[in-house]
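Engineer: Data: target-v5.pdb, PDB, C-alpha atoms, pLDDT in the B column.
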ATOM      1  CA  ASP A   1      10.679 -92.697 -42.132  1.00 91.00           C
ATOM      2  CA  ALA A   2      12.083 -89.268 -42.992  1.00 93.00           C
ATOM      3  CA  VAL A   3      13.802 -86.301 -41.419  1.00 97.00           C
ATOM      4  CA  SER A   4      11.934 -82.995 -41.480  1.00 97.00           C
ATOM      5  CA  VAL A   5      13.898 -79.816 -42.157  1.00 97.00           C
ATOM      6  CA  ALA A   6      12.079 -76.856 -40.602  1.00 93.00           C
ATOM      7  CA  ALA A   7      14.833 -74.260 -40.394  1.00 92.00           C
ATOM      8  CA  PRO A   8      15.071 -70.794 -41.950  1.00 90.00           C
ATOM      9  CA  PRO A   9      15.208 -71.126 -45.766  1.00 91.00           C
ATOM     10  CA  GLN A  10      18.888 -70.175 -46.051  1.00 91.00           C
ATOM     11  CA  ALA A  11      19.758 -73.325 -44.060  1.00 94.00           C
ATOM     12  CA  HIS A  12      17.692 -75.780 -46.137  1.00 96.00           C
ATOM     13  CA  TYR A  13      20.271 -76.585 -48.810  1.00 97.00           C
ATOM     14  CA  SER A  14      23.119 -77.566 -46.503  1.00 97.00           C
ATOM     15  CA  ALA A  15      20.880 -79.436 -44.050  1.00 98.00           C
ATOM     16  CA  VAL A  16      19.055 -81.379 -46.772  1.00 98.00           C
ATOM     17  CA  LYS A  17      22.301 -82.207 -48.583  1.00 98.00           C
ATOM     18  CA  LYS A  18      23.928 -83.588 -45.416  1.00 98.00           C
ATOM     19  CA  LEU A  19      20.848 -85.673 -44.618  1.00 98.00           C
ATOM     20  CA  LEU A  20      20.626 -87.107 -48.143  1.00 98.00           C
ATOM     21  CA  GLU A  21      24.352 -87.893 -48.128  1.00 98.00           C
ATOM     22  CA  ALA A  22      23.813 -89.730 -44.821  1.00 98.00           C
ATOM     23  CA  GLY A  23      21.063 -91.838 -46.436  1.00 98.00           C
ATOM     24  CA  TYR A  24      17.913 -90.261 -44.991  1.00 98.00           C
ATOM     25  CA  ASN A  25      14.637 -89.523 -46.775  1.00 98.00           C
ATOM     26  CA  VAL A  26      13.952 -85.803 -46.325  1.00 98.00           C
ATOM     27  CA  PHE A  27      10.885 -83.599 -46.071  1.00 97.00           C
ATOM     28  CA  SER A  28      11.868 -79.929 -46.275  1.00 97.00           C
ATOM     29  CA  GLU A  29       9.862 -76.806 -45.728  1.00 93.00           C
ATOM     30  CA  LYS A  30       9.713 -74.532 -48.752  1.00 91.00           C
ATOM     31  CA  PRO A  31      11.691 -73.195 -50.475  1.00 92.00           C
ATOM     32  CA  LEU A  32      13.920 -76.216 -50.896  1.00 94.00           C
ATOM     33  CA  THR A  33      16.869 -73.972 -51.757  1.00 94.00           C
ATOM     34  CA  MET A  34      17.523 -70.333 -52.510  1.00 92.00           C
ATOM     35  CA  ASN A  35      18.506 -71.005 -56.144  1.00 91.00           C
ATOM     36  CA  VAL A  36      17.600 -73.396 -58.922  1.00 91.00           C
ATOM     37  CA  GLU A  37      21.042 -74.984 -59.312  1.00 96.00           C
ATOM     38  CA  GLU A  38      21.091 -76.135 -55.676  1.00 97.00           C
ATOM     39  CA  GLY A  39      17.561 -77.514 -56.014  1.00 96.00           C
ATOM     40  CA  LYS A  40      18.555 -79.532 -59.073  1.00 97.00           C
ATOM     41  CA  GLU A  41      21.626 -80.813 -57.221  1.00 98.00           C
ATOM     42  CA  LEU A  42      19.514 -82.031 -54.281  1.00 98.00           C
ATOM     43  CA  ASP A  43      16.978 -83.644 -56.614  1.00 98.00           C
ATOM     44  CA  ALA A  44      19.761 -85.488 -58.467  1.00 98.00           C
ATOM     45  CA  LEU A  45      21.374 -86.576 -55.189  1.00 98.00           C
ATOM     46  CA  ALA A  46      18.083 -87.975 -53.864  1.00 98.00           C
ATOM     47  CA  LYS A  47      17.489 -89.869 -57.114  1.00 98.00           C
ATOM     48  CA  ALA A  48      21.055 -91.206 -57.210  1.00 98.00           C
ATOM     49  CA  LYS A  49      20.681 -92.547 -53.664  1.00 98.00           C
ATOM     50  CA  ASN A  50      17.106 -93.774 -54.288  1.00 98.00           C
ATOM     51  CA  LEU A  51      15.789 -91.538 -51.480  1.00 98.00           C
ATOM     52  CA  LYS A  52      12.584 -89.584 -51.171  1.00 98.00           C
ATOM     53  CA  LEU A  53      12.829 -85.777 -51.155  1.00 98.00           C
ATOM     54  CA  GLY A  54       9.648 -83.839 -50.458  1.00 95.00           C
ATOM     55  CA  VAL A  55       8.888 -80.142 -50.123  1.00 94.00           C
ATOM     56  CA  GLY A  56       6.076 -78.760 -47.969  1.00 92.00           C
ATOM     57  CA  PHE A  57       3.479 -76.954 -50.054  1.00 89.00           C
ATOM     58  CA  LYS A  58       0.594 -76.865 -47.587  1.00 88.00           C
ATOM     59  CA  MET A  59      -1.680 -74.689 -49.706  1.00 89.00           C
ATOM     60  CA  ARG A  60      -2.315 -77.605 -52.089  1.00 90.00           C
ATOM     61  CA  PHE A  61      -4.479 -79.041 -49.335  1.00 91.00           C
ATOM     62  CA  GLU A  62      -6.622 -75.937 -48.706  1.00 92.00           C
ATOM     63  CA  PRO A  63     -10.197 -76.904 -49.702  1.00 93.00           C
ATOM     64  CA  VAL A  64     -10.632 -73.863 -51.967  1.00 91.00           C
ATOM     65  CA  PHE A  65      -7.601 -74.810 -54.087  1.00 93.00           C
ATOM     66  CA  VAL A  66      -8.546 -78.491 -54.259  1.00 94.00           C
ATOM     67  CA  LYS A  67     -12.009 -77.397 -55.456  1.00 94.00           C
ATOM     68  CA  ALA A  68     -10.487 -74.985 -58.006  1.00 92.00           C
ATOM     69  CA  ARG A  69      -8.419 -77.820 -59.480  1.00 94.00           C
ATOM     70  CA  GLU A  70     -11.533 -79.981 -59.687  1.00 94.00           C
ATOM     71  CA  LEU A  71     -13.663 -77.285 -61.362  1.00 94.00           C
ATOM     72  CA  LEU A  72     -11.122 -75.746 -63.752  1.00 91.00           C
ATOM     73  CA  PRO A  73     -11.784 -78.174 -66.657  1.00 91.00           C
ATOM     74  CA  GLU A  74     -15.511 -77.319 -66.511  1.00 91.00           C
ATOM     75  CA  ILE A  75     -14.972 -73.549 -66.698  1.00 89.00           C
ATOM     76  CA  GLY A  76     -13.397 -73.313 -70.139  1.00 84.00           C
ATOM     77  CA  GLU A  77     -10.054 -72.597 -71.774  1.00 85.00           C
ATOM     78  CA  LEU A  78      -7.510 -71.040 -69.429  1.00 87.00           C
ATOM     79  CA  MET A  79      -6.111 -67.866 -70.956  1.00 88.00           C
ATOM     80  CA  HIS A  80      -4.536 -65.730 -68.216  1.00 91.00           C
ATOM     81  CA  ILE A  81      -3.845 -65.941 -64.490  1.00 91.00           C
ATOM     82  CA  SER A  82      -3.446 -63.150 -61.964  1.00 91.00           C
ATOM     83  CA  THR A  83      -2.495 -63.531 -58.297  1.00 89.00           C
ATOM     84  CA  THR A  84      -1.977 -60.953 -55.578  1.00 87.00           C
ATOM     85  CA  LYS A  85      -0.713 -61.762 -52.106  1.00 85.00           C
ATOM     86  CA  LEU A  86      -0.478 -59.288 -49.237  1.00 82.00           C
ATOM     87  CA  GLN A  87       1.210 -60.729 -46.167  1.00 82.00           C
ATOM     88  CA  ALA A  88       1.544 -59.074 -42.791  1.00 80.00           C
ATOM     89  CA  PHE A  89       5.071 -58.794 -41.485  1.00 79.00           C
ATOM     90  CA  ASN A  90       5.561 -58.868 -37.761  1.00 71.00           C
ATOM     91  CA  PRO A  91       9.153 -57.890 -36.966  1.00 70.00           C
ATOM     92  CA  ARG A  92       9.499 -60.283 -34.015  1.00 67.00           C
ATOM     93  CA  PRO A  93      12.962 -61.857 -33.688  1.00 65.00           C
ATOM     94  CA  GLU A  94      11.736 -65.282 -34.875  1.00 65.00           C
ATOM     95  CA  GLY A  95      10.544 -63.653 -38.126  1.00 67.00           C
ATOM     96  CA  ALA A  96      13.881 -61.992 -38.880  1.00 78.00           C
ATOM     97  CA  TRP A  97      14.783 -64.658 -41.470  1.00 82.00           C
ATOM     98  CA  VAL A  98      12.020 -63.278 -43.741  1.00 85.00           C
ATOM     99  CA  LYS A  99      14.168 -60.182 -44.330  1.00 88.00           C
ATOM    100  CA  LYS A 100      16.899 -62.449 -45.721  1.00 88.00           C
ATOM    101  CA  THR A 101      14.573 -64.733 -47.695  1.00 89.00           C
ATOM    102  CA  GLY A 102      12.405 -62.049 -49.268  1.00 90.00           C
ATOM    103  CA  ALA A 103       8.882 -61.911 -50.584  1.00 90.00           C
ATOM    104  CA  MET A 104       9.614 -63.627 -53.885  1.00 89.00           C
ATOM    105  CA  TYR A 105      10.997 -66.818 -52.326  1.00 87.00           C
ATOM    106  CA  GLU A 106       8.648 -66.822 -49.352  1.00 86.00           C
ATOM    107  CA  LEU A 107       5.368 -65.776 -51.021  1.00 85.00           C
ATOM    108  CA  SER A 108       5.544 -66.292 -54.798  1.00 86.00           C
ATOM    109  CA  ILE A 109       6.775 -69.853 -54.372  1.00 89.00           C
ATOM    110  CA  HIS A 110       3.269 -70.723 -53.151  1.00 88.00           C
ATOM    111  CA  ASP A 111       1.750 -69.052 -56.214  1.00 89.00           C
ATOM    112  CA  PHE A 112       3.985 -70.918 -58.658  1.00 90.00           C
ATOM    113  CA  ASP A 113       3.244 -74.219 -56.926  1.00 92.00           C
ATOM    114  CA  LEU A 114      -0.506 -73.571 -56.777  1.00 91.00           C
ATOM    115  CA  LEU A 115      -0.700 -72.543 -60.415  1.00 92.00           C
ATOM    116  CA  ALA A 116       1.026 -75.750 -61.484  1.00 93.00           C
ATOM    117  CA  PHE A 117      -1.113 -77.801 -59.069  1.00 94.00           C
ATOM    118  CA  ILE A 118      -4.459 -76.269 -60.077  1.00 93.00           C
ATOM    119  CA  THR A 119      -3.865 -76.024 -63.828  1.00 93.00           C
ATOM    120  CA  GLY A 120      -1.657 -79.068 -64.379  1.00 93.00           C
ATOM    121  CA  ARG A 121       0.662 -76.852 -66.445  1.00 94.00           C
ATOM    122  CA  LYS A 122       4.404 -76.563 -65.952  1.00 94.00           C
ATOM    123  CA  PHE A 123       6.146 -73.241 -65.554  1.00 92.00           C
ATOM    124  CA  GLU A 124       8.258 -72.398 -68.604  1.00 95.00           C
ATOM    125  CA  LYS A 125       9.870 -68.969 -68.234  1.00 95.00           C
ATOM    126  CA  ILE A 126       9.932 -65.567 -66.575  1.00 95.00           C
ATOM    127  CA  LEU A 127       8.889 -62.790 -68.957  1.00 97.00           C
ATOM    128  CA  PHE A 128       9.404 -59.906 -66.520  1.00 97.00           C
ATOM    129  CA  SER A 129      10.278 -59.474 -62.865  1.00 95.00           C
ATOM    130  CA  ARG A 130      10.765 -56.629 -60.460  1.00 96.00           C
ATOM    131  CA  LEU A 131      11.777 -56.884 -56.835  1.00 95.00           C
ATOM    132  CA  ASN A 132      10.894 -54.053 -54.456  1.00 93.00           C
ATOM    133  CA  HIS A 133      12.998 -52.886 -51.520  1.00 94.00           C
ATOM    134  CA  ARG A 134      10.806 -50.302 -49.755  1.00 88.00           C
ATOM    135  CA  LEU A 135      11.491 -51.591 -46.245  1.00 87.00           C
ATOM    136  CA  GLY A 136      15.300 -51.656 -46.478  1.00 89.00           C
ATOM    137  CA  TRP A 137      15.615 -55.432 -46.100  1.00 91.00           C
ATOM    138  CA  GLU A 138      18.574 -57.525 -47.267  1.00 91.00           C
ATOM    139  CA  ALA A 139      16.158 -59.272 -49.672  1.00 92.00           C
ATOM    140  CA  ASP A 140      13.051 -58.005 -51.466  1.00 94.00           C
ATOM    141  CA  ASP A 141       9.876 -57.068 -49.590  1.00 92.00           C
ATOM    142  CA  GLY A 142       7.654 -57.195 -52.677  1.00 93.00           C
ATOM    143  CA  PHE A 143       7.625 -58.497 -56.231  1.00 94.00           C
ATOM    144  CA  THR A 144       5.887 -58.389 -59.589  1.00 96.00           C
ATOM    145  CA  ILE A 145       6.454 -61.306 -61.945  1.00 95.00           C
ATOM    146  CA  ALA A 146       5.064 -62.058 -65.386  1.00 97.00           C
ATOM    147  CA  ALA A 147       5.552 -65.760 -66.102  1.00 95.00           C
ATOM    148  CA  GLU A 148       4.614 -68.110 -68.898  1.00 96.00           C
ATOM    149  CA  PHE A 149       3.225 -71.584 -68.314  1.00 94.00           C
ATOM    150  CA  GLU A 150       2.743 -74.408 -70.821  1.00 94.00           C
ATOM    151  CA  GLY A 151       0.401 -73.615 -73.671  1.00 93.00           C
ATOM    152  CA  GLY A 152       1.295 -69.914 -73.651  1.00 93.00           C
ATOM    153  CA  VAL A 153      -0.726 -69.134 -70.514  1.00 93.00           C
ATOM    154  CA  VAL A 154       0.653 -65.966 -68.944  1.00 94.00           C
ATOM    155  CA  ALA A 155       0.440 -65.353 -65.210  1.00 94.00           C
ATOM    156  CA  LEU A 156       0.921 -62.049 -63.418  1.00 94.00           C
ATOM    157  CA  LEU A 157       2.002 -62.636 -59.826  1.00 93.00           C
ATOM    158  CA  GLU A 158       2.283 -59.827 -57.315  1.00 92.00           C
ATOM    159  CA  GLY A 159       3.009 -59.908 -53.630  1.00 89.00           C
ATOM    160  CA  LEU A 160       4.334 -57.836 -50.806  1.00 88.00           C
ATOM    161  CA  TYR A 161       4.886 -57.725 -47.113  1.00 87.00           C
ATOM    162  CA  SER A 162       3.168 -55.016 -45.124  1.00 81.00           C
ATOM    163  CA  ASP A 163       3.902 -53.845 -41.628  1.00 75.00           C
ATOM    164  CA  THR A 164       0.452 -52.226 -41.392  1.00 73.00           C
ATOM    165  CA  CYS A 165      -1.995 -55.052 -42.231  1.00 69.00           C
ATOM    166  CA  PRO A 166      -3.119 -57.578 -39.596  1.00 63.00           C
ATOM    167  CA  PHE A 167      -2.088 -61.226 -39.603  1.00 57.00           C
ATOM    168  CA  GLU A 168      -5.066 -63.582 -39.379  1.00 58.00           C
ATOM    169  CA  TYR A 169      -3.075 -66.830 -38.744  1.00 53.00           C
ATOM    170  CA  ARG A 170      -4.043 -68.294 -42.112  1.00 51.00           C
ATOM    171  CA  ASP A 171      -3.214 -67.826 -45.768  1.00 51.00           C
ATOM    172  CA  PHE A 172      -6.765 -68.282 -46.953  1.00 48.00           C
ATOM    173  CA  CYS A 173     -10.074 -69.339 -45.477  1.00 38.00           C
ATOM    174  CA  ALA A 174     -13.206 -70.461 -47.266  1.00 39.00           C
ATOM    175  CA  VAL A 175     -16.215 -72.590 -46.422  1.00 35.00           C
ATOM    176  CA  PHE A 176     -17.955 -74.912 -48.880  1.00 37.00           C
ATOM    177  CA  SER A 177     -21.240 -76.709 -48.387  1.00 33.00           C
TER
END
Would you mind writing the file's structure down as structure tokens?
Structural biologist:
Amino acid sequence: DAVSVAAPPQAHYSAVKKLLEAGYNVFSEKPLTMNVEEGKELDALAKAKNLKLGVGFKMRFEPVFVKARELLPEIGELMHISTTKLQAFNPRPEGAWVKKTGAMYELSIHDFDLLAFITGRKFEKILFSRLNHRLGWEADDGFTIAAEFEGGVVALLEGLYSDTCPFEYRDFCAVFS
């Protein structure tokens, strides 16, 4: 029913574009593209050809985030959001693409998606951003972003790769009764 694109992020745009032009529905791993203009182009192409274009945001299905979305209206008025993500980096050859993609596109993309998913608010603008380059990568290895969502809700998102923390083969784990 669809072709899945599971290549390094830098290859997503060209692969997805060729598949859409050939008339295929496409499911792409995130990020869809490495810049907004290309993402808008692919979205318009899919719509023009009446094709489905999906992007894999697996964290929407983690039980803790589904529960957070369910409970948020009961908690009260949302005023501010803060996220921090520390991700282990294992420099194996198959992980080399991370150095070209960077922490912002690889890690913060989950945060932006989750914030929109949980709160139901759309992202509006970046207020501040800083990309870190402590590890000497082609792309950033850490980021700090202040972003504004609908209704004036400000989110502070931080994330970085570490070569000293262990990888637990999951982004998050929680148990609910």
Engineer: Between A:Ala15, A:Met59, A:Leu131, A:Ala155, which has the minimum distance to Thr84 (chain A) (counting only C-alpha atoms)?
Structural biologist: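 The answer is A:Ala155, which sits nearest to Thr84 (chain A).
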Engineer: So the first atom is CA of Phe117 (chain A) and the second is CA of Gln10 (chain A); what is the distance between them in Å, to one decimal place?
Structural biologist: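 Calculated distance between CA of Phe117 (chain A) and CA of Gln10 (chain A) is 25.1 Å.
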Engineer: Quote the spacing between CA of Val98 (chain A) and CA of Lys58 (chain A) in Å to one decimal place.
Structural biologist: 18.2 Å
Engineer: Would you mind telling me which residue in A:Gly136, A:Glu41, A:Ala11, A:Lys52 lies nearest to Phe27 (chain A) when using only C-alpha atoms?
Structural biologist: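 With only C-alpha atoms as the atom set, the closest residue is A:Lys52.
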Engineer: Would you mind reading off the distance between CA of Leu51 (chain A) and CA of Met104 (chain A), one decimal, in Å?
Structural biologist: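 Going from CA of Leu51 (chain A) over to CA of Met104 (chain A) covers 28.7 Å.
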Engineer: Which residues come within 7 Å of Leu127 (chain A), counting all atoms listed in the file, excluding same-chain residues fewer than 5 positions away, as a PyMOL selection string?
Structural biologist: chain A and resi 146-148
Engineer: Go ahead and dump the residues you just picked, C-alpha atoms, as a PDB file, in the frame of the given file.
Structural biologist:
ATOM      1  CA  ALA A 146       5.064 -62.058 -65.386  1.00 97.00           C
ATOM      2  CA  ALA A 147       5.552 -65.760 -66.102  1.00 95.00           C
ATOM      3  CA  GLU A 148       4.614 -68.110 -68.898  1.00 96.00           C
TER       4      GLU A 148
END
Engineer: Apply the PyMOL selection byres ((chain A and resi 102) around 12) to the structure shown and report the selected residues as an MDAnalysis selection string.
Structural biologist: chainID A and resid 8:10 31 34 87 89 95:101 103:109 131:143 159:161
Engineer: Draw an axis-aligned box tight on the listed atoms of region 6-15 of chain A, then pad every side by 3 Å and write out centre and edge lengths in Å to one decimal as AutoDock Vina command-line options.
Structural biologist:
--center_x 17.6 --center_y -74.8 --center_z -44.6 --size_x 17.0 --size_y 15.3 --size_z 14.4
Engineer: Evaluating the PyMOL selection byres ((chain A and resi 56) around 6) on the displayed file yields which residues, as a PyMOL selection string?
Structural biologist: chain A and resi 29-30+55+57-58
Engineer: Leu53 (chain A): which residues within 9 Å, counting all atoms listed in the file, same-chain residues fewer than 3 positions away excluded, as an mmCIF file with C-alpha atoms, in the frame of the given file?
Structural biologist:
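Result saved to selection-v5.cif:
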data_model
loop_
_atom_site.group_PDB
_atom_site.id
_atom_site.type_symbol
_atom_site.label_atom_id
_atom_site.label_comp_id
_atom_site.auth_asym_id
_atom_site.auth_seq_id
_atom_site.Cartn_x
_atom_site.Cartn_y
_atom_site.Cartn_z
ATOM 1 C CA ALA A 2 12.083 -89.268 -42.992
ATOM 2 C CA VAL A 16 19.055 -81.379 -46.772
ATOM 3 C CA LEU A 20 20.626 -87.107 -48.143
ATOM 4 C CA ASN A 25 14.637 -89.523 -46.775
ATOM 5 C CA VAL A 26 13.952 -85.803 -46.325
ATOM 6 C CA PHE A 27 10.885 -83.599 -46.071
ATOM 7 C CA SER A 28 11.868 -79.929 -46.275
ATOM 8 C CA LEU A 42 19.514 -82.031 -54.281
ATOM 9 C CA ASP A 43 16.978 -83.644 -56.614
ATOM 10 C CA ALA A 46 18.083 -87.975 -53.864
ATOM 11 C CA LYS A 47 17.489 -89.869 -57.114
#
Engineer: Pick the closest to Val154 (chain A) from A:His110, A:Lys122, A:His80, A:Lys85: which is it, counting all atoms listed in the file?
Structural biologist: A:His80
Engineer: Any chance you could work out the residue set of the PyMOL selection byres ((chain A and resi 81) around 9) here, as a count of residues only?
Structural biologist: 11
Engineer: May I have the residues within 12 Å of Pro73 (chain A) as a PyMOL selection string, using all atoms listed in the file and disregarding those fewer than 4 positions away in the same chain?
Structural biologist: chain A and resi 67-69+77-78+118-120
Engineer: Starting from the block above, write region 81-92 of chain A out to a file with all heavy atoms, as a PDB file, in the first residue's frame, please.
Structural biologist:
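Written out: result13.pdb:
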ATOM      1  N   ILE A  81       6.458  24.905  28.956  1.00  0.00           N
ATOM      2  CA  ILE A  81       6.902  23.525  28.734  1.00  0.00           C
ATOM      3  C   ILE A  81       8.421  23.503  28.751  1.00  0.00           C
ATOM      4  O   ILE A  81       9.067  24.407  28.211  1.00  0.00           O
ATOM      5  CB  ILE A  81       6.408  23.005  27.370  1.00  0.00           C
ATOM      6  CG1 ILE A  81       4.888  23.100  27.273  1.00  0.00           C
ATOM      7  CG2 ILE A  81       6.898  21.588  27.130  1.00  0.00           C
ATOM      8  CD1 ILE A  81       4.356  22.938  25.865  1.00  0.00           C
ATOM      9  N   SER A  82       8.983  22.466  29.334  1.00  0.00           N
ATOM     10  CA  SER A  82      10.431  22.291  29.329  1.00  0.00           C
ATOM     11  C   SER A  82      10.750  20.832  29.033  1.00  0.00           C
ATOM     12  O   SER A  82      10.157  19.933  29.628  1.00  0.00           O
ATOM     13  CB  SER A  82      11.010  22.687  30.691  1.00  0.00           C
ATOM     14  OG  SER A  82      12.402  22.526  30.689  1.00  0.00           O
ATOM     15  N   THR A  83      11.638  20.587  28.077  1.00  0.00           N
ATOM     16  CA  THR A  83      12.054  19.224  27.761  1.00  0.00           C
ATOM     17  C   THR A  83      13.575  19.155  27.750  1.00  0.00           C
ATOM     18  O   THR A  83      14.246  20.109  27.346  1.00  0.00           O
ATOM     19  CB  THR A  83      11.538  18.747  26.388  1.00  0.00           C
ATOM     20  OG1 THR A  83      12.219  19.458  25.355  1.00  0.00           O
ATOM     21  CG2 THR A  83      10.043  18.946  26.250  1.00  0.00           C
ATOM     22  N   THR A  84      14.100  18.043  28.188  1.00  0.00           N
ATOM     23  CA  THR A  84      15.535  17.791  28.121  1.00  0.00           C
ATOM     24  C   THR A  84      15.731  16.363  27.631  1.00  0.00           C
ATOM     25  O   THR A  84      15.093  15.439  28.134  1.00  0.00           O
ATOM     26  CB  THR A  84      16.203  17.940  29.507  1.00  0.00           C
ATOM     27  OG1 THR A  84      15.960  19.264  29.975  1.00  0.00           O
ATOM     28  CG2 THR A  84      17.691  17.702  29.427  1.00  0.00           C
ATOM     29  N   LYS A  85      16.582  16.193  26.660  1.00  0.00           N
ATOM     30  CA  LYS A  85      16.839  14.866  26.109  1.00  0.00           C
ATOM     31  C   LYS A  85      18.342  14.644  26.036  1.00  0.00           C
ATOM     32  O   LYS A  85      19.060  15.416  25.406  1.00  0.00           O
ATOM     33  CB  LYS A  85      16.223  14.735  24.727  1.00  0.00           C
ATOM     34  CG  LYS A  85      16.332  13.337  24.155  1.00  0.00           C
ATOM     35  CD  LYS A  85      15.518  13.209  22.888  1.00  0.00           C
ATOM     36  CE  LYS A  85      14.611  12.024  23.068  1.00  0.00           C
ATOM     37  NZ  LYS A  85      13.579  11.941  22.080  1.00  0.00           N
ATOM     38  N   LEU A  86      18.799  13.599  26.700  1.00  0.00           N
ATOM     39  CA  LEU A  86      20.195  13.172  26.642  1.00  0.00           C
ATOM     40  C   LEU A  86      20.209  11.839  25.924  1.00  0.00           C
ATOM     41  O   LEU A  86      19.540  10.901  26.344  1.00  0.00           O
ATOM     42  CB  LEU A  86      20.768  13.020  28.057  1.00  0.00           C
ATOM     43  CG  LEU A  86      22.148  12.404  28.167  1.00  0.00           C
ATOM     44  CD1 LEU A  86      23.186  13.292  27.500  1.00  0.00           C
ATOM     45  CD2 LEU A  86      22.505  12.175  29.633  1.00  0.00           C
ATOM     46  N   GLN A  87      20.931  11.765  24.832  1.00  0.00           N
ATOM     47  CA  GLN A  87      20.966  10.545  24.024  1.00  0.00           C
ATOM     48  C   GLN A  87      22.400  10.046  23.926  1.00  0.00           C
ATOM     49  O   GLN A  87      23.309  10.816  23.622  1.00  0.00           O
ATOM     50  CB  GLN A  87      20.426  10.844  22.625  1.00  0.00           C
ATOM     51  CG  GLN A  87      20.410   9.665  21.693  1.00  0.00           C
ATOM     52  CD  GLN A  87      19.280   8.708  22.019  1.00  0.00           C
ATOM     53  OE1 GLN A  87      18.213   9.119  22.445  1.00  0.00           O
ATOM     54  NE2 GLN A  87      19.511   7.436  21.819  1.00  0.00           N
ATOM     55  N   ALA A  88      22.581   8.774  24.179  1.00  0.00           N
ATOM     56  CA  ALA A  88      23.904   8.175  24.004  1.00  0.00           C
ATOM     57  C   ALA A  88      24.260   8.174  22.527  1.00  0.00           C
ATOM     58  O   ALA A  88      23.405   8.010  21.668  1.00  0.00           O
ATOM     59  CB  ALA A  88      23.888   6.747  24.534  1.00  0.00           C
ATOM     60  N   PHE A  89      25.532   8.377  22.251  1.00  0.00           N
ATOM     61  CA  PHE A  89      26.017   8.268  20.882  1.00  0.00           C
ATOM     62  C   PHE A  89      27.071   7.183  20.847  1.00  0.00           C
ATOM     63  O   PHE A  89      28.067   7.252  21.538  1.00  0.00           O
ATOM     64  CB  PHE A  89      26.618   9.577  20.373  1.00  0.00           C
ATOM     65  CG  PHE A  89      27.223   9.423  19.005  1.00  0.00           C
ATOM     66  CD1 PHE A  89      26.405   9.281  17.891  1.00  0.00           C
ATOM     67  CD2 PHE A  89      28.591   9.377  18.833  1.00  0.00           C
ATOM     68  CE1 PHE A  89      26.945   9.103  16.637  1.00  0.00           C
ATOM     69  CE2 PHE A  89      29.145   9.205  17.568  1.00  0.00           C
ATOM     70  CZ  PHE A  89      28.314   9.076  16.477  1.00  0.00           C
ATOM     71  N   ASN A  90      26.793   6.180  20.040  1.00  0.00           N
ATOM     72  CA  ASN A  90      27.743   5.095  19.851  1.00  0.00           C
ATOM     73  C   ASN A  90      28.351   5.277  18.462  1.00  0.00           C
ATOM     74  O   ASN A  90      27.638   5.192  17.474  1.00  0.00           O
ATOM     75  CB  ASN A  90      27.027   3.747  19.956  1.00  0.00           C
ATOM     76  CG  ASN A  90      28.011   2.596  19.907  1.00  0.00           C
ATOM     77  OD1 ASN A  90      29.098   2.710  19.353  1.00  0.00           O
ATOM     78  ND2 ASN A  90      27.620   1.489  20.491  1.00  0.00           N
ATOM     79  N   PRO A  91      29.627   5.537  18.378  1.00  0.00           N
ATOM     80  CA  PRO A  91      30.234   5.885  17.083  1.00  0.00           C
ATOM     81  C   PRO A  91      30.454   4.706  16.131  1.00  0.00           C
ATOM     82  O   PRO A  91      31.413   4.694  15.380  1.00  0.00           O
ATOM     83  CB  PRO A  91      31.552   6.522  17.505  1.00  0.00           C
ATOM     84  CG  PRO A  91      31.894   5.870  18.786  1.00  0.00           C
ATOM     85  CD  PRO A  91      30.576   5.627  19.478  1.00  0.00           C
ATOM     86  N   ARG A  92      29.563   3.723  16.154  1.00  0.00           N
ATOM     87  CA  ARG A  92      29.670   2.619  15.192  1.00  0.00           C
ATOM     88  C   ARG A  92      29.457   3.160  13.780  1.00  0.00           C
ATOM     89  O   ARG A  92      28.770   4.171  13.602  1.00  0.00           O
ATOM     90  CB  ARG A  92      28.630   1.550  15.496  1.00  0.00           C
ATOM     91  CG  ARG A  92      28.842   0.870  16.831  1.00  0.00           C
ATOM     92  CD  ARG A  92      27.714  -0.090  17.088  1.00  0.00           C
ATOM     93  NE  ARG A  92      26.469   0.669  17.127  1.00  0.00           N
ATOM     94  CZ  ARG A  92      25.319   0.194  17.546  1.00  0.00           C
ATOM     95  NH1 ARG A  92      25.217  -1.032  17.946  1.00  0.00           N
ATOM     96  NH2 ARG A  92      24.246   0.947  17.559  1.00  0.00           N
TER      97      ARG A  92
END
